[in-house]
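Student: Mind looking over this structure? Questions follow.
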Amino acid sequence: MTSREIRRQFLDFFKNKDHRIVDSAPVVPHGDPTLLFTNAGMNQFKDVFLGKGIRDYKRAADTQKCIRVSGKHNDLEEVGHDTYHHTFFEMLGNWSFGDYYKEEAIQWGWELLTGVWKLPKERLWATVFRTDDEAFEIWKNKTDINPDHILRFDEKDNFWEMGDTGPCGPCSEIHISISDDYDNPKWVNAGDPKCIEIWNLVFIQYNRDETGQLHELPNKHVDTGMGFERVCAVLQGKDSNYDTDVFTPLIDELEKISGKKYTDAINQAPMRVIADHIRTLTFAIADGATPGNEGRGYVLRRILRRAARYGRKLNLSEPFLFNLVDVLSDTMGDVFKEIVEQKDTVKKIIKSEEESFNTTLDRGIELFNEISSREKVKSSKVIPGKDAFMLYDTYGFPFDLTRVMAQEIGFGVDEKKFSDLMNEQRERARKATKEKIGGMNVLDEGLSGFELASEASTVFTGYDELKTSAVIIGIKNKNSQSFVILDKSPFYVESGGQVDDHGKLIIGDTHLKVTGLSKINNMIIHIVENETHVELKNGMSVTAAVDEKRRWDIMRNHSATHFLHAALRKIIGTHVQQSGSYVGPDRLRFDFTHFEKMTDGEIEAVESLVNDKLLENMPMIHHRDTPFEKARTMGAMMFFGDKYGDKVNVVQFGDYTLEFCGGTHVKNSSQIGLLKIVSESSIASGVRRIEAVTGRGVEEYIKKQENRIQNSEVRITELLEEKRKLEKELAEVHLKSKLGDMDSIISSPVEISGIKLFKGRVNASNMDELKSMSDELRNKIGSGVGLLIAQVDDKAQMVCIVTDDLVKEKRLAAGKIVGDVAKLLGGGGGGRPNMATAGGKDVSKIDEALDKVDQIIKSCL
């Protein structure tokens, strides 16, 4: 049967048992703060189980989209390395809300599996909670299962909980053994793919509170969950979920775009991971989530980057994940229409995220390989925390990828040192924010230590003038600094993306430089350099003068952001919203929502539209102290990050732009001059950034461009790239010459109990070369065990490979073999069953160790 037929038969079976067939809930559990993602079919019925909600039906069935990537139910690390774990999966389920209970649930489960789907009864096993005699007796007396196939287990396996708190209860699991030894109970719940759980019948009768106590629910319920992908594998006669028609369309597409074969063992894990992860990303984004830096957004970003990194193992270095969305839409869109309706948006978000991460990934992998190749690191098999921090902090390489890559080569990471460095960085950032000027933390100390003549708010005059006659109403001196509060001031305090003003306070012939500003209780504090300790007193008259040249540059850039925002909405769509900004004297930065890189044509069109509008000589109309609701009805746009009170300011330029804004602006659009976009980039999934200059900044930009044309940077870059390519080619030639060392190894295997052993000493410069040789060996031997040892500097390095057939049939493990060999050389190591690496200190015993490999393998059989 096809997967579509299997899904349909399940739902039809329960429809005929008077169940309401309901739609899947979104994988983003809106309204449930306890979950990052929907992780079980019962999530949408949680309120019913808690007695807080009702439905107009007592029985239900559905296929539920589920994601398990965090917390207690986290399958992420297993994905791709076994045949049946997934981050996204469908859960076929049926429910009873205070209606039928254990007897019907068990009997109907047995009827569907053995009566409808004709699964062999002798291969099925049922497990129950250790004290659930009721379920045990139902299985024994109400079905014709072999009574010896009914087993009891404890809380770990047969007591179901949605989370640390919430509905829970005993469960009865149905397992199927597909091994030749199907009558042996030792495989049940042993974590072996030859005997897997396919259906979990949960009998929800408790609610666990925050203290861990169990409370009887008002009504007893049934919640069953069947792994759709697993049952498809069973019914389609496949050893792996990834070999079913649920996944093969995705894997076929990966073969097509990569030119690699899934049947090659080395490609299986990457293709499985990618096929799984694109399902998670597509369904999560279609249901409203986006990759980001927090919560479920961070989880999605981690999954996307993990998939991109596995793509490198298939030589996919350009964005490719987004193209797989089409395949998924074609194969699952008939059941889940949202992935068809949201396909274009999903593709744009994924592509945007891929593009922003690609450069980081390539550089990070390169640096990681350099770090892991150092002799000291190879010896300790631990990536130093300072290097992991450098990868993260300097190059933006995610720490979790560093950890995964380390695990793949049998290394660890000094996570404590990494955490210490992260905490130190946070502390530095905190101090930099709070200690704004010379160690004086005005914000922390508040008005403590000030001599105050008045506690009235400072009147801001900076909208109308840049020089104001004022009176000191508050003063505090510390070391060579004075902190001055005036009754009036033209100085703008940083807010809404616009930076502080600079300038001076003038007292007679004395000019004191204002180097910073702060605001407490609407009183503007001017932070003044006063190294000569000029006496400042309350009541003293001063002139507060803003640096006019700097302020005009700021105002040009700030007004230009309004024009830029309007132009973006006009050219690329009204979905554009401001997500952040920086307005300084040197440049402006504008962050906005958009799901793909802007084309050169779009950038040019936006820039041209802005400049056309600037030349229209539009006057600025400043709606000050406007009631908030009135401003909204005017159609004014709100800016990101601003907090609005009852009265707001609105800035308007003609009929082109109308926005909430408390900043300072030019009086006329022509005062801005020209706007030049200097860069457009991605800063997060679905968020783009434009950097631009105006006025004098455009002049500076032109000068820099002229200088750049005159120098030889481009040629130097080309030469360096040429050098890098030649070095890479030489390295490849060098490696090919060394592969010739293996000819004699391949041609003269040792046979041990019918197993071929290929062993020998080879010439390799590092572990990467040694692993490449082992890959070549695996490709040529068909079936067997390979062990290669090389002397690298004054250490022995070794790699062991075991072909997949021997891992499965003989249970040989490369990690065990290489570990025993390494002990003979005074070292250690390990790894996966099919490939593992190790090192040793005593190179004089390499030949002796090779002689003993035969005996080690015999002992493993």
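Letters A, B, ... go to the chains of the structure tokens in the order shown; residues in each chain start at 1; ligands are counted from 1 in the same order.
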Tell me, which residues of region 176-354 of chain A carry DSSP helix (DSSP H, G or I), written as number ranges by chain?

Tutor: A: 185-187, 228-235, 241-243, 248-258, 265-286, 295-312, 321-332, 338-341, 343-354

Student: So that each row is one residue of region 426-521 of chain A with an atom at most 10 Å from region 563-582 of chain A, can you give its shortest atom pair and the distance in Å to one decimal, using only C-alpha atoms, rows by chain and rising number, as JSON lines?

Tutor:
```
{"residue": "A:Ser495", "atom": "CA", "partner": "A:Tyr582", "partner_atom": "CA", "distance": 9.8}
{"residue": "A:Gly496", "atom": "CA", "partner": "A:Ser581", "partner_atom": "CA", "distance": 7.7}
{"residue": "A:Gly497", "atom": "CA", "partner": "A:Tyr582", "partner_atom": "CA", "distance": 4.6}
{"residue": "A:Gln498", "atom": "CA", "partner": "A:Tyr582", "partner_atom": "CA", "distance": 6.2}
{"residue": "A:Val499", "atom": "CA", "partner": "A:Tyr582", "partner_atom": "CA", "distance": 7.6}
```

Student: As an exercise, work out the distance from CA of Ile677 (chain A) to CA of Arg556 (chain A) in Å and give it to one decimal place.

Tutor: 14.1 Å

Student: Residues within 10 Å of Lys823 (chain A), please, as a ChimeraX atom specification. Count only C-alpha atoms; anything in the same chain fewer than 4 positions from it doesn't count.

Tutor: /A:818-819,827-829,838-842,849

Student: Next, write the just-selected residues to a file, as a PDB file, in the first residue's frame, keeping N, CA and C atoms as the atom set.

Tutor:
```
ATOM      1  N   VAL A 818      38.894  -0.472  17.073  1.00  0.00           N
ATOM      2  CA  VAL A 818      39.959   0.520  17.064  1.00  0.00           C
ATOM      3  C   VAL A 818      40.398   0.872  18.488  1.00  0.00           C
ATOM      4  N   GLY A 819      39.443   0.815  19.439  1.00  0.00           N
ATOM      5  CA  GLY A 819      39.785   1.098  20.825  1.00  0.00           C
ATOM      6  C   GLY A 819      40.750   0.059  21.377  1.00  0.00           C
ATOM      7  N   GLY A 827      47.163   4.195  23.821  1.00  0.00           N
ATOM      8  CA  GLY A 827      46.213   5.273  23.517  1.00  0.00           C
ATOM      9  C   GLY A 827      44.785   4.806  23.655  1.00  0.00           C
ATOM     10  N   GLY A 828      43.896   5.480  22.956  1.00  0.00           N
ATOM     11  CA  GLY A 828      42.484   5.146  23.013  1.00  0.00           C
ATOM     12  C   GLY A 828      41.728   5.855  21.916  1.00  0.00           C
ATOM     13  N   GLY A 829      40.471   5.499  21.794  1.00  0.00           N
ATOM     14  CA  GLY A 829      39.632   6.142  20.784  1.00  0.00           C
ATOM     15  C   GLY A 829      38.309   5.430  20.675  1.00  0.00           C
ATOM     16  N   ALA A 838      41.254   6.552  16.309  1.00  0.00           N
ATOM     17  CA  ALA A 838      41.961   6.464  17.592  1.00  0.00           C
ATOM     18  C   ALA A 838      43.396   6.931  17.402  1.00  0.00           C
ATOM     19  N   GLY A 839      44.080   7.070  18.512  1.00  0.00           N
ATOM     20  CA  GLY A 839      45.486   7.460  18.490  1.00  0.00           C
ATOM     21  C   GLY A 839      46.260   6.705  19.546  1.00  0.00           C
ATOM     22  N   GLY A 840      47.560   6.653  19.362  1.00  0.00           N
ATOM     23  CA  GLY A 840      48.426   5.986  20.323  1.00  0.00           C
ATOM     24  C   GLY A 840      49.752   6.694  20.443  1.00  0.00           C
ATOM     25  N   LYS A 841      50.429   6.482  21.574  1.00  0.00           N
ATOM     26  CA  LYS A 841      51.680   7.185  21.840  1.00  0.00           C
ATOM     27  C   LYS A 841      52.915   6.420  21.354  1.00  0.00           C
ATOM     28  N   ASP A 842      52.852   5.076  21.384  1.00  0.00           N
ATOM     29  CA  ASP A 842      54.046   4.266  21.121  1.00  0.00           C
ATOM     30  C   ASP A 842      54.070   3.811  19.660  1.00  0.00           C
ATOM     31  N   ALA A 849      50.957  -4.200  16.773  1.00  0.00           N
ATOM     32  CA  ALA A 849      49.509  -3.994  16.900  1.00  0.00           C
ATOM     33  C   ALA A 849      48.778  -4.540  15.678  1.00  0.00           C
TER      34      ALA A 849
END
```

Student: List the neighbours of Asp148 (chain A) out to 10 Å using only C-alpha atoms; skip same-chain residues closer than 5 positions along the sequence, and give me the result as a list in words.

Tutor: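 Neighbouring residues, sequence-local ones excluded: Trp125, Ala126, Lys140, Asp183, Asn184 and Pro185 of chain A.
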
Student: If we count only C-alpha atoms and set the cut-off at 9 Å, which residues sit around Glu529 (chain A), ignoring sequence neighbours fewer than 2 positions away in its own chain? Please answer as a PDB file with N, CA and C atoms, in the first residue's frame.

Tutor:
```pdb
ATOM      1  N   SER A 480      36.768  64.494  36.966  1.00  0.00           N
ATOM      2  CA  SER A 480      36.909  65.567  35.980  1.00  0.00           C
ATOM      3  C   SER A 480      35.639  65.770  35.170  1.00  0.00           C
ATOM      4  N   GLN A 481      34.519  65.237  35.696  1.00  0.00           N
ATOM      5  CA  GLN A 481      33.264  65.360  34.966  1.00  0.00           C
ATOM      6  C   GLN A 481      32.221  66.100  35.807  1.00  0.00           C
ATOM      7  N   SER A 482      31.351  66.818  35.115  1.00  0.00           N
ATOM      8  CA  SER A 482      30.201  67.451  35.758  1.00  0.00           C
ATOM      9  C   SER A 482      28.948  66.936  35.070  1.00  0.00           C
ATOM     10  N   LEU A 512      32.519  74.280  27.707  1.00  0.00           N
ATOM     11  CA  LEU A 512      32.672  72.930  28.263  1.00  0.00           C
ATOM     12  C   LEU A 512      32.032  71.928  27.302  1.00  0.00           C
ATOM     13  N   LYS A 513      32.791  70.896  26.944  1.00  0.00           N
ATOM     14  CA  LYS A 513      32.343  69.923  25.947  1.00  0.00           C
ATOM     15  C   LYS A 513      31.325  68.952  26.548  1.00  0.00           C
ATOM     16  N   VAL A 514      30.197  68.799  25.862  1.00  0.00           N
ATOM     17  CA  VAL A 514      29.176  67.812  26.238  1.00  0.00           C
ATOM     18  C   VAL A 514      29.484  66.519  25.483  1.00  0.00           C
ATOM     19  N   THR A 515      29.829  65.471  26.241  1.00  0.00           N
ATOM     20  CA  THR A 515      30.264  64.216  25.613  1.00  0.00           C
ATOM     21  C   THR A 515      29.226  63.102  25.705  1.00  0.00           C
ATOM     22  N   ILE A 527      26.388  65.372  30.285  1.00  0.00           N
ATOM     23  CA  ILE A 527      27.644  64.876  30.856  1.00  0.00           C
ATOM     24  C   ILE A 527      28.772  65.683  30.225  1.00  0.00           C
ATOM     25  N   GLU A 531      37.756  69.294  33.213  1.00  0.00           N
ATOM     26  CA  GLU A 531      39.056  68.978  33.797  1.00  0.00           C
ATOM     27  C   GLU A 531      39.631  70.141  34.599  1.00  0.00           C
ATOM     28  N   THR A 532      39.235  71.376  34.272  1.00  0.00           N
ATOM     29  CA  THR A 532      39.758  72.545  35.009  1.00  0.00           C
ATOM     30  C   THR A 532      38.864  72.907  36.192  1.00  0.00           C
TER      31      THR A 532
END
```

Student: Find the residues around Phe228 (chain A) up to 12 Å (only C-alpha atoms counted), leave out those fewer than 5 positions away in its own chain, and share them as a VMD selection string.

Tutor: chain A and resid 2 to 11 41 62 to 66 84 to 86 88 to 93 197 to 200 233 to 236 241 244 to 246

Student: Keeping only N, CA, C and O atoms, write the selected residues as a short mmCIF file (atom, residue, chain, number, x, y, z; two decimals), in the first residue's frame.

Tutor:
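Everything below was put into selection_26.cif:
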```cif
data_model
loop_
_atom_site.label_atom_id
_atom_site.label_comp_id
_atom_site.auth_asym_id
_atom_site.auth_seq_id
_atom_site.Cartn_x
_atom_site.Cartn_y
_atom_site.Cartn_z
N THR A 2 0.34 2.29 -0.61
CA THR A 2 1.03 3.57 -0.55
C THR A 2 0.74 4.23 0.80
O THR A 2 -0.21 3.86 1.50
N SER A 3 1.55 5.22 1.12
CA SER A 3 1.34 5.93 2.38
C SER A 3 -0.03 6.61 2.40
O SER A 3 -0.67 6.67 3.46
N ARG A 4 -0.47 7.12 1.27
CA ARG A 4 -1.79 7.75 1.21
C ARG A 4 -2.89 6.74 1.57
O ARG A 4 -3.84 7.05 2.30
N GLU A 5 -2.76 5.51 1.04
CA GLU A 5 -3.75 4.48 1.33
C GLU A 5 -3.73 4.07 2.80
O GLU A 5 -4.78 3.84 3.41
N ILE A 6 -2.55 4.00 3.36
CA ILE A 6 -2.42 3.61 4.78
C ILE A 6 -3.08 4.66 5.67
O ILE A 6 -3.85 4.34 6.59
N ARG A 7 -2.80 5.92 5.40
CA ARG A 7 -3.40 7.01 6.18
C ARG A 7 -4.92 6.97 6.07
O ARG A 7 -5.64 7.10 7.05
N ARG A 8 -5.40 6.80 4.85
CA ARG A 8 -6.84 6.79 4.61
C ARG A 8 -7.51 5.60 5.29
O ARG A 8 -8.59 5.72 5.88
N GLN A 9 -6.88 4.42 5.25
CA GLN A 9 -7.48 3.23 5.88
C GLN A 9 -7.59 3.41 7.40
O GLN A 9 -8.57 2.98 8.01
N PHE A 10 -6.58 4.03 7.99
CA PHE A 10 -6.63 4.27 9.43
C PHE A 10 -7.83 5.15 9.78
O PHE A 10 -8.62 4.84 10.68
N LEU A 11 -7.95 6.26 9.07
CA LEU A 11 -9.03 7.20 9.37
C LEU A 11 -10.40 6.58 9.07
O LEU A 11 -11.37 6.77 9.84
N GLY A 41 -0.37 14.02 19.36
CA GLY A 41 -1.71 14.22 18.84
C GLY A 41 -2.67 14.78 19.87
O GLY A 41 -3.64 15.46 19.53
N ASP A 62 -7.46 11.40 13.98
CA ASP A 62 -6.82 12.31 13.02
C ASP A 62 -5.41 11.86 12.71
O ASP A 62 -4.93 10.86 13.23
N THR A 63 -4.76 12.59 11.81
CA THR A 63 -3.32 12.47 11.64
C THR A 63 -2.75 13.82 12.03
O THR A 63 -3.08 14.85 11.44
N GLN A 64 -1.91 13.83 13.07
CA GLN A 64 -1.42 15.06 13.65
C GLN A 64 0.04 15.32 13.24
O GLN A 64 0.89 14.44 13.36
N LYS A 65 0.30 16.54 12.79
CA LYS A 65 1.68 16.96 12.52
C LYS A 65 2.39 17.17 13.86
O LYS A 65 1.88 17.88 14.72
N CYS A 66 3.56 16.56 14.03
CA CYS A 66 4.29 16.68 15.30
C CYS A 66 5.75 17.03 15.05
O CYS A 66 6.35 16.60 14.05
N TYR A 84 14.50 5.18 12.09
CA TYR A 84 13.11 5.41 12.46
C TYR A 84 12.84 6.63 13.34
O TYR A 84 11.69 6.88 13.70
N HIS A 85 13.85 7.42 13.71
CA HIS A 85 13.60 8.64 14.48
C HIS A 85 13.51 9.84 13.53
O HIS A 85 14.24 9.92 12.55
N HIS A 86 12.63 10.78 13.88
CA HIS A 86 12.43 11.98 13.06
C HIS A 86 12.17 13.19 13.95
O HIS A 86 11.66 13.06 15.06
N PHE A 88 10.27 15.71 12.57
CA PHE A 88 8.87 15.89 12.18
C PHE A 88 8.29 14.53 11.81
O PHE A 88 8.94 13.73 11.12
N PHE A 89 7.09 14.26 12.29
CA PHE A 89 6.43 13.02 11.92
C PHE A 89 4.93 13.21 12.03
O PHE A 89 4.44 14.16 12.65
N GLU A 90 4.21 12.30 11.43
CA GLU A 90 2.76 12.28 11.57
C GLU A 90 2.40 11.26 12.64
O GLU A 90 2.96 10.15 12.68
N MET A 91 1.46 11.62 13.50
CA MET A 91 0.98 10.70 14.50
C MET A 91 -0.49 10.39 14.21
O MET A 91 -1.35 11.27 14.33
N LEU A 92 -0.75 9.18 13.79
CA LEU A 92 -2.12 8.72 13.62
C LEU A 92 -2.68 8.42 15.01
O LEU A 92 -2.03 7.74 15.81
N GLY A 93 -3.87 8.92 15.30
CA GLY A 93 -4.38 8.72 16.65
C GLY A 93 -5.89 8.64 16.72
O GLY A 93 -6.61 9.14 15.85
N GLU A 197 8.43 -0.02 18.37
CA GLU A 197 7.08 0.35 18.79
C GLU A 197 6.36 0.99 17.60
O GLU A 197 6.91 1.88 16.95
N ILE A 198 5.14 0.54 17.34
CA ILE A 198 4.38 1.16 16.25
C ILE A 198 3.11 1.85 16.75
O ILE A 198 2.54 2.68 16.04
N TRP A 199 2.64 1.52 17.95
CA TRP A 199 1.40 2.14 18.43
C TRP A 199 1.45 2.20 19.94
O TRP A 199 1.80 1.22 20.61
N ASN A 200 1.09 3.36 20.46
CA ASN A 200 1.06 3.56 21.91
C ASN A 200 -0.37 3.89 22.33
O ASN A 200 -0.93 4.89 21.87
N ALA A 233 6.62 1.82 6.93
CA ALA A 233 7.78 0.97 6.68
C ALA A 233 7.41 -0.50 6.86
O ALA A 233 7.80 -1.37 6.06
N VAL A 234 6.65 -0.79 7.91
CA VAL A 234 6.25 -2.17 8.17
C VAL A 234 5.36 -2.69 7.05
O VAL A 234 5.57 -3.77 6.49
N LEU A 235 4.34 -1.92 6.69
CA LEU A 235 3.38 -2.38 5.69
C LEU A 235 3.95 -2.40 4.28
O LEU A 235 3.47 -3.13 3.42
N GLN A 236 4.99 -1.60 4.04
CA GLN A 236 5.62 -1.60 2.72
C GLN A 236 6.84 -2.52 2.66
O GLN A 236 7.53 -2.58 1.65
N ASN A 241 12.35 3.66 7.63
CA ASN A 241 11.30 4.62 7.28
C ASN A 241 11.67 5.43 6.05
O ASN A 241 10.81 5.84 5.27
N THR A 244 10.54 4.31 2.53
CA THR A 244 9.13 4.33 2.16
C THR A 244 8.85 5.49 1.21
O THR A 244 9.66 6.40 1.05
N ASP A 245 7.63 5.48 0.64
CA ASP A 245 7.28 6.55 -0.29
C ASP A 245 6.99 7.87 0.43
O ASP A 245 6.68 8.87 -0.22
N VAL A 246 7.09 7.88 1.77
CA VAL A 246 6.99 9.14 2.52
C VAL A 246 8.24 9.98 2.27
O VAL A 246 8.16 11.21 2.15
#
```

Student: For region 103-115 of chain A, find every residue with an atom within 10 Å (counting only C-alpha atoms), except residues of its own chain fewer than 4 positions away, and show them as a count of residues only.

Tutor: 36

Student: Take CA of Met555 (chain A) and CA of Ser541 (chain A) and report the distance between them in Å, one decimal.

Tutor: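 Calculated distance between CA of Met555 (chain A) and CA of Ser541 (chain A) is 28.0 Å.
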
Student: Mind pulling up the distance from CA of Phe320 (chain A) to CA of Met835 (chain A)?

Tutor: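 These atoms are spaced 28.0 Å apart.
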
Student: Select, from A:Gln652, A:Thr837, A:Thr87, A:Ser258, the residue with the minimum atom-to-atom distance to Lys771 (chain A), counting only C-alpha atoms.

Tutor: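 So, comparing all the options, the nearest one is A:Thr837.
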
Student: Using DSSP on the backbone, list every residue of region 243-414 of chain A that comes out as strand (DSSP E), and give them as JSON, numbers by chain.

Tutor: {"A": [382, 383, 412, 413]}

Student: Keeping C-alpha atoms for every residue in the selection just given, could you write it to a file as a tab-separated table (two decimals), in the first residue's frame?

Tutor:
```tsv
chain	number	residue	atom	x	y	z
A	382	VAL	CA	39.02	18.27	23.13
A	383	ILE	CA	38.26	21.46	21.21
A	412	GLY	CA	34.69	16.74	22.91
A	413	VAL	CA	34.43	20.49	23.54
```

Student: Which residue, A:Glu494, A:Asp854, A:Glu155, A:Asp287, has the smallest gap to Pro26 (chain A) when you use only C-alpha atoms?

Tutor: A:Asp287

Student: From the options A:Asn323, A:Thr593, A:Thr402, A:Thr664, which residue's atoms come nearest to Arg689 (chain A), counting only C-alpha atoms?

Tutor: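 Under the stated criterion, the closest residue is A:Thr593.
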
Student: With 9 Å as the cut-off and only C-alpha atoms counted, what is the closest atom pair between each nearby residue of region 369-463 of chain A and region 349-364 of chain A? Distances in Å to one decimal, ordered by chain and number, as a Markdown table.

Tutor:
```
| residue | atom | partner | partner_atom | distance |
| --- | --- | --- | --- | --- |
| A:Asn369 | CA | A:Gly364 | CA | 8.5 |
| A:Leu391 | CA | A:Gly364 | CA | 6.5 |
| A:Tyr392 | CA | A:Gly364 | CA | 8.7 |
| A:Tyr395 | CA | A:Thr360 | CA | 6.5 |
| A:Gly396 | CA | A:Thr360 | CA | 6.4 |
| A:Phe397 | CA | A:Gly364 | CA | 5.7 |
| A:Pro398 | CA | A:Gly364 | CA | 8.8 |
| A:Thr402 | CA | A:Gly364 | CA | 8.6 |
```

Student: Output N, CA, C and O atoms of each residue in that selection to a file, as a compact mmCIF listing (two decimals), in the first residue's frame.

Tutor:
```txt
# COMPACT_ATOMS: atom_id res chain seq x y z
N ASN A 369 38.38 22.69 11.10
CA ASN A 369 39.35 21.68 10.66
C ASN A 369 40.77 22.08 11.04
O ASN A 369 41.58 21.22 11.40
N LEU A 391 35.11 30.90 17.27
CA LEU A 391 34.27 30.54 16.13
C LEU A 391 32.90 31.20 16.23
O LEU A 391 32.36 31.71 15.25
N TYR A 392 32.35 31.23 17.45
CA TYR A 392 31.02 31.80 17.66
C TYR A 392 31.05 33.32 17.62
O TYR A 392 30.25 33.95 16.91
N TYR A 395 33.25 34.69 14.13
CA TYR A 395 32.81 34.23 12.82
C TYR A 395 31.33 33.83 12.78
O TYR A 395 30.83 33.42 11.74
N GLY A 396 30.64 33.93 13.92
CA GLY A 396 29.21 33.63 13.94
C GLY A 396 28.88 32.17 13.74
O GLY A 396 27.78 31.82 13.32
N PHE A 397 29.83 31.26 14.06
CA PHE A 397 29.62 29.83 13.86
C PHE A 397 28.92 29.27 15.10
O PHE A 397 29.44 29.35 16.20
N PRO A 398 27.71 28.69 14.95
CA PRO A 398 26.95 28.24 16.11
C PRO A 398 27.70 27.21 16.95
O PRO A 398 28.32 26.28 16.41
N THR A 402 29.64 23.30 16.32
CA THR A 402 30.99 22.95 16.77
C THR A 402 30.96 21.65 17.55
O THR A 402 31.80 20.76 17.36
```

Student: Restricting the calculation to only C-alpha atoms: of A:Thr561, A:Phe418, A:Gly462, A:Pro291, which residue gets closest to Thr657 (chain A)?

Tutor: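 Of the candidates, the smallest distance to Thr657 (chain A) is held by A:Thr561.
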